[in-house]
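Here is the structure we will look at, set down as structure tokens.
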Amino acid sequence: MGLAALIQGTGSAIDTREIVTELASVSARIVDVEHMLDRALFTACAAYCYARSAASGTRKTDEVLTQEIHAAYDRQRRLAQDHRP
């Protein structure tokens, strides 16, 4: 059945505008969740890079650590995209 059947009509009194409004709301919330997860990934990459630097005892500049953070973040994003169905 699906949304197409609901929009085209099945003889029921379902308000398609309400369905579209709800789908738009869900879509907006999904975008918000994606942004939050993306930020959490970046924060995790930053924590990892700072912890790795501290554990190794090397004194890296913020510029070097920033480059490492972005590289780790980009690497994780690529890995996630490679595993999409």
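Starting from 1 in every chain, residues are counted up; chains themselves are A, B, ... following the order of the structure tokens, and ligands are numbered from 1 as listed.
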
Picked from chain A by DSSP as alpha helix (DSSP H), as a PyMOL selection string: chain A and resi 2-8+16-56+62-82

Export of prior selection with C-alpha atoms as a CSV table (one decimal), in the first residue's frame:
chain,number,residue,atom,x,y,z
A,2,GLY,CA,2.4,2.7,1.2
A,3,LEU,CA,2.3,6.5,0.9
A,4,ALA,CA,1.5,6.5,-2.8
A,5,ALA,CA,-1.7,4.7,-2.2
A,6,LEU,CA,-2.6,7.1,0.6
A,7,ILE,CA,-1.9,10.1,-1.6
A,8,GLN,CA,-3.7,8.7,-4.7
A,16,THR,CA,-3.0,13.6,2.9
A,17,ARG,CA,-2.0,17.1,3.9
A,18,GLU,CA,-1.6,15.9,7.5
A,19,ILE,CA,0.5,12.9,6.4
A,20,VAL,CA,2.8,15.2,4.3
A,21,THR,CA,3.1,17.6,7.2
A,22,GLU,CA,4.1,14.7,9.6
A,23,LEU,CA,6.6,13.3,7.1
A,24,ALA,CA,8.2,16.8,6.8
A,25,SER,CA,8.4,17.0,10.5
A,26,VAL,CA,10.0,13.6,10.8
A,27,SER,CA,12.4,14.5,8.0
A,28,ALA,CA,13.5,17.7,9.8
A,29,ARG,CA,14.0,15.7,13.0
A,30,ILE,CA,16.2,13.2,11.2
A,31,VAL,CA,18.3,16.0,9.8
A,32,ASP,CA,18.7,17.3,13.4
A,33,VAL,CA,19.8,13.9,14.6
A,34,GLU,CA,22.3,13.6,11.7
A,35,HIS,CA,23.8,16.9,12.7
A,36,MET,CA,24.0,15.9,16.4
A,37,LEU,CA,25.6,12.6,15.5
A,38,ASP,CA,28.1,14.3,13.1
A,39,ARG,CA,29.1,16.7,15.9
A,40,ALA,CA,29.5,13.7,18.3
A,41,LEU,CA,31.7,12.0,15.8
A,42,PHE,CA,33.9,15.1,15.5
A,43,THR,CA,34.1,15.4,19.3
A,44,ALA,CA,35.1,11.8,19.6
A,45,CYS,CA,37.8,12.2,17.0
A,46,ALA,CA,39.1,15.2,18.9
A,47,ALA,CA,39.1,13.4,22.2
A,48,TYR,CA,40.9,10.4,20.6
A,49,CYS,CA,43.6,12.6,19.0
A,50,TYR,CA,44.3,14.6,22.2
A,51,ALA,CA,44.4,11.4,24.3
A,52,ARG,CA,46.7,9.7,21.8
A,53,SER,CA,49.0,12.7,21.8
A,54,ALA,CA,49.0,12.8,25.6
A,55,ALA,CA,49.7,9.1,25.9
A,56,SER,CA,52.6,9.2,23.5
A,62,ASP,CA,47.2,22.8,18.2
A,63,GLU,CA,47.6,23.2,14.4
A,64,VAL,CA,49.0,19.6,14.1
A,65,LEU,CA,46.3,18.2,16.4
A,66,THR,CA,43.6,20.0,14.4
A,67,GLN,CA,44.9,18.5,11.2
A,68,GLU,CA,44.9,15.0,12.9
A,69,ILE,CA,41.4,15.5,14.2
A,70,HIS,CA,40.1,16.5,10.8
A,71,ALA,CA,41.9,13.6,9.2
A,72,ALA,CA,40.4,11.1,11.7
A,73,TYR,CA,36.9,12.7,11.2
A,74,ASP,CA,37.2,12.5,7.4
A,75,ARG,CA,38.4,8.9,7.7
A,76,GLN,CA,35.5,7.8,9.9
A,77,ARG,CA,32.9,9.6,7.6
A,78,ARG,CA,34.4,7.8,4.6
A,79,LEU,CA,34.2,4.4,6.4
A,80,ALA,CA,30.6,5.1,7.3
A,81,GLN,CA,29.7,6.0,3.7
A,82,ASP,CA,31.4,2.9,2.3
